[in-house]
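Visitor: First, the structure itself, so that you have it in front of you.
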Amino acid sequence: MDTIKISHENTKIIAHRGVSGIETENTCAAFVAAGNRSYFGIETDVRQTLDGKFVLLHDDTTERCAGDCLIPEKCTLQTLQSLRLLDKGDTRSRSDLRLPSLAEYLRICKRYDKVGVLEFKGEFSPAAMKRLIEEVETEYAREKMIFISFSFENLLTLRNICPKAHAQFLSGECKEETVSLVKEHNMGLDLYYNALDEQTVKRLLKEGIELNCWTVDDPEIAERLIRWGVQYITSNILE
(Lines give C-alpha, C1' and ligand atoms only; values in the text may rest on other atoms or scores of the structure.)
Protein backbone atom coordinates (compact mmCIF):
# COMPACT_ATOMS: atom_id res chain seq x y z
CA MET A 1 0.00 0.00 0.00
CA ASP A 2 1.22 3.50 -0.76
CA THR A 3 0.06 7.10 -0.73
CA ILE A 4 -2.05 8.58 -3.53
CA LYS A 5 0.06 11.00 -5.53
CA ILE A 6 -1.52 14.26 -6.71
CA SER A 7 -0.23 17.35 -8.48
CA HIS A 8 -0.35 20.07 -5.85
CA GLU A 9 1.65 22.92 -7.40
CA ASN A 10 2.28 25.51 -4.66
CA THR A 11 -0.04 23.90 -2.10
CA LYS A 12 1.85 22.22 0.75
CA ILE A 13 0.66 18.77 1.86
CA ILE A 14 0.69 17.84 5.56
CA ALA A 15 0.59 14.22 6.71
CA HIS A 16 -2.34 13.92 9.15
CA ARG A 17 -1.15 12.14 12.32
CA GLY A 18 1.72 10.94 10.15
CA VAL A 19 0.84 8.87 7.09
CA SER A 20 -2.15 7.48 8.96
CA GLY A 21 -3.68 6.03 5.78
CA ILE A 22 -0.89 3.44 5.89
CA GLU A 23 0.44 3.20 9.46
CA THR A 24 -1.23 3.45 12.87
CA GLU A 25 -1.91 7.13 13.52
CA ASN A 26 0.33 9.19 15.79
CA THR A 27 3.12 6.62 15.96
CA CYS A 28 6.79 6.86 15.08
CA ALA A 29 6.06 4.44 12.21
CA ALA A 30 3.53 6.91 10.75
CA PHE A 31 5.90 9.86 11.25
CA VAL A 32 8.84 8.08 9.60
CA ALA A 33 6.56 7.08 6.71
CA ALA A 34 5.88 10.80 6.19
CA GLY A 35 9.55 11.65 6.62
CA ASN A 36 10.49 9.29 3.82
CA ARG A 37 8.04 10.93 1.43
CA SER A 38 7.59 14.38 -0.08
CA TYR A 39 5.32 15.84 2.63
CA PHE A 40 5.91 19.41 3.70
CA GLY A 41 4.83 18.77 7.27
CA ILE A 42 3.84 16.10 9.79
CA GLU A 43 0.79 16.78 11.97
CA THR A 44 0.15 15.25 15.38
CA ASP A 45 -1.85 15.77 18.62
CA VAL A 46 -0.21 16.57 21.94
CA ARG A 47 -1.59 16.02 25.45
CA GLN A 48 -0.19 16.56 28.93
CA THR A 49 0.50 13.63 31.23
CA LEU A 50 0.07 13.36 34.99
CA ASP A 51 3.80 13.89 35.54
CA GLY A 52 3.91 17.07 33.46
CA LYS A 53 5.29 15.52 30.28
CA PHE A 54 3.82 15.40 26.78
CA VAL A 55 2.41 12.45 24.87
CA LEU A 56 0.98 12.20 21.36
CA LEU A 57 -2.63 11.00 21.26
CA HIS A 58 -5.73 12.28 19.51
CA ASP A 59 -8.52 10.76 21.62
CA ASP A 60 -9.41 11.50 25.24
CA THR A 61 -8.49 7.89 26.12
CA THR A 62 -6.24 5.15 24.75
CA GLU A 63 -9.11 2.71 24.14
CA ARG A 64 -9.37 3.04 20.35
CA CYS A 65 -5.65 2.79 19.69
CA ALA A 66 -4.66 0.26 22.38
CA GLY A 67 -7.76 -1.54 23.66
CA ASP A 68 -6.98 -0.54 27.27
CA CYS A 69 -8.82 2.59 28.37
CA LEU A 70 -6.40 5.01 30.02
CA ILE A 71 -6.80 8.77 30.37
CA PRO A 72 -3.46 10.39 29.49
CA GLU A 73 -3.89 13.32 31.88
CA LYS A 74 -4.28 10.80 34.73
CA CYS A 75 -1.28 8.63 33.83
CA THR A 76 2.47 9.07 33.75
CA LEU A 77 4.29 9.03 30.43
CA GLN A 78 5.98 5.77 31.45
CA THR A 79 2.61 4.09 32.05
CA LEU A 80 1.24 5.30 28.73
CA GLN A 81 4.34 4.16 26.85
CA SER A 82 4.04 0.68 28.37
CA LEU A 83 0.96 0.11 26.16
CA ARG A 84 1.38 -1.64 22.85
CA LEU A 85 -0.85 -0.15 20.17
CA LEU A 86 -3.05 -1.96 17.67
CA ASP A 87 -1.66 -2.40 14.18
CA LYS A 88 -3.61 -0.52 11.52
CA GLY A 89 -6.51 -2.59 10.21
CA ASP A 90 -5.86 -5.33 12.79
CA THR A 91 -7.23 -6.26 16.20
CA ARG A 92 -3.77 -7.33 17.36
CA SER A 93 -1.14 -5.13 18.91
CA ARG A 94 2.30 -4.66 17.38
CA SER A 95 5.36 -4.75 19.59
CA ASP A 96 7.01 -1.70 18.01
CA LEU A 97 3.95 0.55 18.24
CA ARG A 98 3.53 2.73 21.30
CA LEU A 99 2.52 6.28 22.13
CA PRO A 100 5.39 8.62 21.24
CA SER A 101 6.62 11.40 23.45
CA LEU A 102 6.77 14.93 22.07
CA ALA A 103 10.58 14.70 21.98
CA GLU A 104 10.52 11.57 19.81
CA TYR A 105 8.23 13.27 17.30
CA LEU A 106 10.37 16.40 17.19
CA ARG A 107 13.51 14.36 16.56
CA ILE A 108 11.85 12.65 13.58
CA CYS A 109 10.75 16.00 12.16
CA LYS A 110 14.31 17.25 12.56
CA ARG A 111 15.92 14.16 11.02
CA TYR A 112 13.76 14.40 7.90
CA ASP A 113 13.63 18.21 7.82
CA LYS A 114 9.85 18.38 8.02
CA VAL A 115 7.71 21.14 9.47
CA GLY A 116 5.98 19.97 12.64
CA VAL A 117 2.26 20.72 12.90
CA LEU A 118 1.28 20.37 16.54
CA GLU A 119 -2.34 20.34 17.70
CA PHE A 120 -2.98 21.15 21.36
CA LYS A 121 -5.48 18.76 22.97
CA GLY A 122 -7.01 19.89 26.24
CA GLU A 123 -6.29 23.21 27.89
CA PHE A 124 -2.68 24.30 28.33
CA SER A 125 -1.77 26.56 31.23
CA PRO A 126 0.94 29.18 30.72
CA ALA A 127 3.37 26.99 32.68
CA ALA A 128 2.61 23.93 30.55
CA MET A 129 2.86 25.94 27.35
CA LYS A 130 6.22 27.33 28.42
CA ARG A 131 7.54 23.81 29.09
CA LEU A 132 6.29 22.68 25.69
CA ILE A 133 7.95 25.56 23.83
CA GLU A 134 11.18 24.94 25.71
CA GLU A 135 11.09 21.30 24.60
CA VAL A 136 10.41 22.33 20.99
CA GLU A 137 13.40 24.68 21.05
CA THR A 138 15.64 22.09 22.70
CA GLU A 139 14.78 19.23 20.33
CA TYR A 140 14.08 21.14 17.10
CA ALA A 141 13.20 24.79 16.41
CA ARG A 142 10.18 26.98 17.00
CA GLU A 143 10.56 28.38 13.47
CA LYS A 144 10.00 24.89 12.04
CA MET A 145 6.61 24.48 13.73
CA ILE A 146 2.97 25.36 13.09
CA PHE A 147 0.77 25.28 16.18
CA ILE A 148 -2.95 24.56 15.81
CA SER A 149 -5.91 24.23 18.16
CA PHE A 150 -9.69 24.29 18.33
CA SER A 151 -9.17 26.32 21.53
CA PHE A 152 -8.41 29.96 20.79
CA GLU A 153 -7.35 30.34 24.43
CA ASN A 154 -4.54 27.85 23.83
CA LEU A 155 -3.32 29.90 20.87
CA LEU A 156 -3.47 33.12 22.89
CA THR A 157 -1.49 31.44 25.68
CA LEU A 158 1.05 30.36 23.07
CA ARG A 159 1.32 33.88 21.64
CA ASN A 160 1.80 35.44 25.09
CA ILE A 161 4.80 33.17 25.63
CA CYS A 162 6.05 33.08 22.06
CA PRO A 163 4.75 36.14 20.13
CA LYS A 164 6.21 35.05 16.78
CA ALA A 165 4.82 31.49 16.87
CA HIS A 166 3.17 30.33 13.64
CA ALA A 167 -0.44 29.62 14.67
CA GLN A 168 -3.60 28.44 12.89
CA PHE A 169 -7.04 28.28 14.48
CA LEU A 170 -8.91 25.03 13.84
CA SER A 171 -12.62 25.22 13.05
CA GLY A 172 -15.34 23.24 11.35
CA GLU A 173 -17.05 26.42 10.19
CA CYS A 174 -16.02 29.71 8.65
CA LYS A 175 -17.84 32.27 10.79
CA GLU A 176 -17.40 36.04 10.62
CA GLU A 177 -16.31 36.22 14.26
CA THR A 178 -13.68 33.56 13.57
CA VAL A 179 -12.32 35.50 10.61
CA SER A 180 -12.19 38.68 12.70
CA LEU A 181 -10.35 36.90 15.54
CA VAL A 182 -7.61 35.45 13.39
CA LYS A 183 -7.12 38.75 11.56
CA GLU A 184 -6.84 40.62 14.85
CA HIS A 185 -4.18 38.22 16.16
CA ASN A 186 -2.40 37.57 12.85
CA MET A 187 -3.18 33.86 12.78
CA GLY A 188 -4.11 31.49 9.99
CA LEU A 189 -7.19 29.30 9.67
CA ASP A 190 -7.25 25.50 9.55
CA LEU A 191 -10.76 24.75 8.29
CA TYR A 192 -12.79 21.65 7.55
CA TYR A 193 -12.70 21.48 3.76
CA ASN A 194 -16.49 21.17 3.44
CA ALA A 195 -16.89 24.61 5.04
CA LEU A 196 -15.23 26.20 2.02
CA ASP A 197 -16.31 27.25 -1.44
CA GLU A 198 -14.33 29.13 -4.06
CA GLN A 199 -15.73 32.51 -3.11
CA THR A 200 -14.85 32.03 0.57
CA VAL A 201 -11.33 30.87 -0.26
CA LYS A 202 -10.72 33.86 -2.54
CA ARG A 203 -12.05 36.25 0.10
CA LEU A 204 -9.86 34.81 2.90
CA LEU A 205 -6.77 34.89 0.73
CA LYS A 206 -7.52 38.46 -0.36
CA GLU A 207 -7.71 39.46 3.31
CA GLY A 208 -4.29 37.92 3.87
CA ILE A 209 -5.45 34.95 5.94
CA GLU A 210 -3.33 31.82 5.61
CA LEU A 211 -5.52 28.80 4.85
CA ASN A 212 -5.10 25.14 5.73
CA CYS A 213 -7.82 22.49 5.09
CA TRP A 214 -8.52 19.24 6.95
CA THR A 215 -8.86 16.29 6.35
CA VAL A 216 -8.85 15.76 2.58
CA ASP A 217 -8.45 12.21 1.23
CA ASP A 218 -10.38 12.53 -2.04
CA PRO A 219 -8.08 13.56 -4.94
CA GLU A 220 -10.90 15.41 -6.75
CA ILE A 221 -11.69 17.52 -3.68
CA ALA A 222 -7.98 18.21 -3.15
CA GLU A 223 -7.51 19.26 -6.77
CA ARG A 224 -10.44 21.66 -6.47
CA LEU A 225 -9.02 23.24 -3.31
CA ILE A 226 -5.63 23.54 -5.00
CA ARG A 227 -7.21 25.34 -7.96
CA TRP A 228 -8.85 27.75 -5.54
CA GLY A 229 -5.44 28.53 -4.04
CA VAL A 230 -5.39 27.09 -0.49
CA GLN A 231 -1.85 27.10 0.92
CA TYR A 232 -2.02 23.80 2.84
CA ILE A 233 -3.96 20.54 2.67
CA THR A 234 -3.89 18.05 5.53
CA SER A 235 -4.44 14.44 4.46
CA ASN A 236 -4.22 10.87 5.68
CA ILE A 237 -3.16 9.44 2.32
CA LEU A 238 -2.71 12.08 -0.39
CA GLU A 239 0.83 13.11 -1.20
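By convention in this document, the chains of the C-alpha coordinates carry letters A, B, ... by their order, each chain's residues are numbered from 1, and ligands are numbered from 1 in the order they are shown.
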Among region 113-195 of chain A, which residues does DSSP mark as strand (DSSP E) when it is run on the backbone? Keep the chain and numbering as in the structure and answer as a list in words.

Guide: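 Going through region 113-195 of chain A, the strand (DSSP E) residues come out as Val115, Gly116, Val117, Leu118, Glu119, Phe120, Met145, Ile146, Phe147, Ile148, Ser149, Ala167, Gln168, Phe169, Leu170, Ser171, Gly188, Leu189, Asp190, Leu191 and Tyr192 of chain A.
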
Visitor: For Pro100 (chain A), please output as a ChimeraX atom specification all residues within 7 Å (counting only C-alpha atoms; exclusion window: fewer than 6 positions along the same chain).

Guide: /A:27-28,55-56

Visitor: I'd like the interatomic distance between CA of Asp68 (chain A) and CA of Thr49 (chain A), to a tenth of an Å.

Guide: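 Here the two named atoms are 16.5 Å from each other.
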
Visitor: Using only C-alpha atoms, which protein or nucleic acid residues come within 12 Å of Asp113 (chain A)? Drop anything in the same chain fewer than 6 positions from it, and give the result as a list of chain:residue names.

Guide: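 Once the adjacent positions are removed, what remains is A:Phe31, A:Val32, A:Ala34, A:Gly35, A:Asn36, A:Arg37, A:Ser38, A:Tyr39, A:Phe40, A:Gly41, A:Ile42, A:Tyr105, A:Leu106, A:Arg107, A:Tyr140, A:Ala141, A:Lys144, A:Met145.
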
Visitor: Restricting it to N, CA, C and O atoms, dump the selection as a short mmCIF file (atom, residue, chain, number, x, y, z; two decimals), in the first residue's frame.

Guide:
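The result, written out as again-v3.cif:
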```
data_model
loop_
_atom_site.label_atom_id
_atom_site.label_comp_id
_atom_site.auth_asym_id
_atom_site.auth_seq_id
_atom_site.Cartn_x
_atom_site.Cartn_y
_atom_site.Cartn_z
N PHE A 31 5.09 8.65 11.45
CA PHE A 31 5.90 9.86 11.25
C PHE A 31 7.08 9.58 10.31
O PHE A 31 7.39 10.39 9.43
N VAL A 32 7.72 8.43 10.48
CA VAL A 32 8.84 8.08 9.60
C VAL A 32 8.33 7.85 8.17
O VAL A 32 9.00 8.23 7.20
N ALA A 34 6.00 9.45 6.77
CA ALA A 34 5.88 10.80 6.19
C ALA A 34 7.26 11.39 5.91
O ALA A 34 7.48 12.04 4.89
N GLY A 35 8.21 11.14 6.80
CA GLY A 35 9.55 11.65 6.62
C GLY A 35 10.21 11.14 5.36
O GLY A 35 10.97 11.86 4.70
N ASN A 36 9.91 9.91 5.00
CA ASN A 36 10.49 9.29 3.82
C ASN A 36 9.77 9.65 2.52
O ASN A 36 10.13 9.12 1.46
N ARG A 37 8.78 10.53 2.61
CA ARG A 37 8.04 10.93 1.43
C ARG A 37 8.14 12.45 1.27
O ARG A 37 8.86 13.11 1.99
N SER A 38 7.40 12.97 0.32
CA SER A 38 7.59 14.38 -0.08
C SER A 38 6.76 15.37 0.73
O SER A 38 6.65 16.53 0.35
N TYR A 39 6.19 14.95 1.84
CA TYR A 39 5.32 15.84 2.63
C TYR A 39 6.08 17.07 3.11
O TYR A 39 7.25 17.00 3.48
N PHE A 40 5.37 18.18 3.14
CA PHE A 40 5.91 19.41 3.70
C PHE A 40 5.98 19.32 5.22
O PHE A 40 6.96 19.74 5.84
N GLY A 41 4.91 18.80 5.82
CA GLY A 41 4.83 18.77 7.27
C GLY A 41 4.22 17.49 7.79
O GLY A 41 3.59 16.72 7.06
N ILE A 42 4.39 17.26 9.10
CA ILE A 42 3.84 16.10 9.79
C ILE A 42 3.00 16.61 10.96
O ILE A 42 3.52 17.28 11.86
N TYR A 105 8.82 12.68 18.51
CA TYR A 105 8.23 13.27 17.30
C TYR A 105 9.11 14.39 16.75
O TYR A 105 9.39 14.44 15.54
N LEU A 106 9.55 15.27 17.62
CA LEU A 106 10.37 16.40 17.19
C LEU A 106 11.69 15.93 16.57
O LEU A 106 12.16 16.50 15.58
N ARG A 107 12.26 14.88 17.11
CA ARG A 107 13.51 14.36 16.56
C ARG A 107 13.30 13.79 15.16
O ARG A 107 14.17 13.91 14.30
N TYR A 140 14.20 20.77 18.52
CA TYR A 140 14.08 21.14 17.10
C TYR A 140 14.23 22.65 16.98
O TYR A 140 15.27 23.19 17.30
N ALA A 141 13.15 23.33 16.54
CA ALA A 141 13.20 24.79 16.41
C ALA A 141 11.78 25.32 16.32
O ALA A 141 10.96 24.77 15.59
N LYS A 144 10.37 26.02 12.89
CA LYS A 144 10.00 24.89 12.04
C LYS A 144 8.67 24.26 12.45
O LYS A 144 8.36 23.15 12.05
N MET A 145 7.87 25.01 13.21
CA MET A 145 6.61 24.48 13.73
C MET A 145 5.42 25.35 13.33
O MET A 145 5.55 26.57 13.21
#
```

Visitor: Which residue is closest to Leu85 (chain A)? Choose from A:Ile13, A:Asp51, A:Thr24, A:Gly188 and count only C-alpha atoms.

Guide: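 For Leu85 (chain A), the nearest of the candidates is A:Thr24.
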
Visitor: Set the distance at 7 Å and use only C-alpha atoms: which residues neighbour Gly122 (chain A) once local chain neighbours fewer than 2 positions away are removed? I'd like the list as a list in words.

Guide: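 Neighbouring residues, sequence-local ones excluded: Arg47, Phe120 and Phe124 of chain A.
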
Visitor: So that I can check the surroundings of Gln78 (chain A), please list as a ChimeraX atom specification every protein, DNA and RNA residue that reaches within 12 Å of it, counting only C-alpha atoms and ignoring chain neighbours fewer than 3 positions away.

Guide: /A:49-55,72,74-75,81-83,98-101

Visitor: DSSP on the backbone: which residues in region 56-196 of chain A end up as helix (DSSP H, G or I)? Give the answer as a ChimeraX atom specification.

Guide: /A:63-66,72-74,77-81,102-111,126-139,142-144,152-161,176-184,193-195

Visitor: I'd like the neighbourhood of region 166-183 of chain A as a list in words, where a residue qualifies if any of its atoms comes within 6 Å (using only C-alpha atoms), though same-chain residues fewer than 2 positions away should be ignored.

Guide: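 That gives Ile146, Phe147, Ile148, Ser149, Phe150, His185, Asn186, Met187, Gly188, Leu189, Asp190, Leu191, Tyr192 and Ala195 of chain A.
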
Visitor: As an exercise, work out the distance from CA of Ile6 (chain A) to CA of Leu86 (chain A) in Å and give it to one decimal place.

Guide: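 Taking CA of Ile6 (chain A) as the start and CA of Leu86 (chain A) as the end point, the length is 29.3 Å.
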
Visitor: Which one of A:Glu207, A:Glu63, A:Glu43, A:Glu73 sits closest to Glu184 (chain A) if you count only C-alpha atoms?

Guide: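 Nearest to Glu184 (chain A): A:Glu207.
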
Visitor: If I take CA of Ser125 (chain A) and CA of Lys110 (chain A), how far is one from the other in Å, to one decimal?

Guide: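 That distance, rounded to one decimal, is 26.3 Å.
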
Visitor: I'd like to know which of A:Ala30, A:Leu238, A:Leu118, A:Ile209 is closest to Glu223 (chain A), using only C-alpha atoms.

Guide: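 When distances to Glu223 (chain A) are compared using only C-alpha atoms, the smallest one comes from A:Leu238.
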
Visitor: Just want the 10 Å neighbourhood of Leu132 (chain A), counted on only C-alpha atoms, with same-chain residues fewer than 2 positions away dropped. Output as a ChimeraX atom specification.

Guide: /A:46,48,52-54,102-103,124,126-130,134-138,158
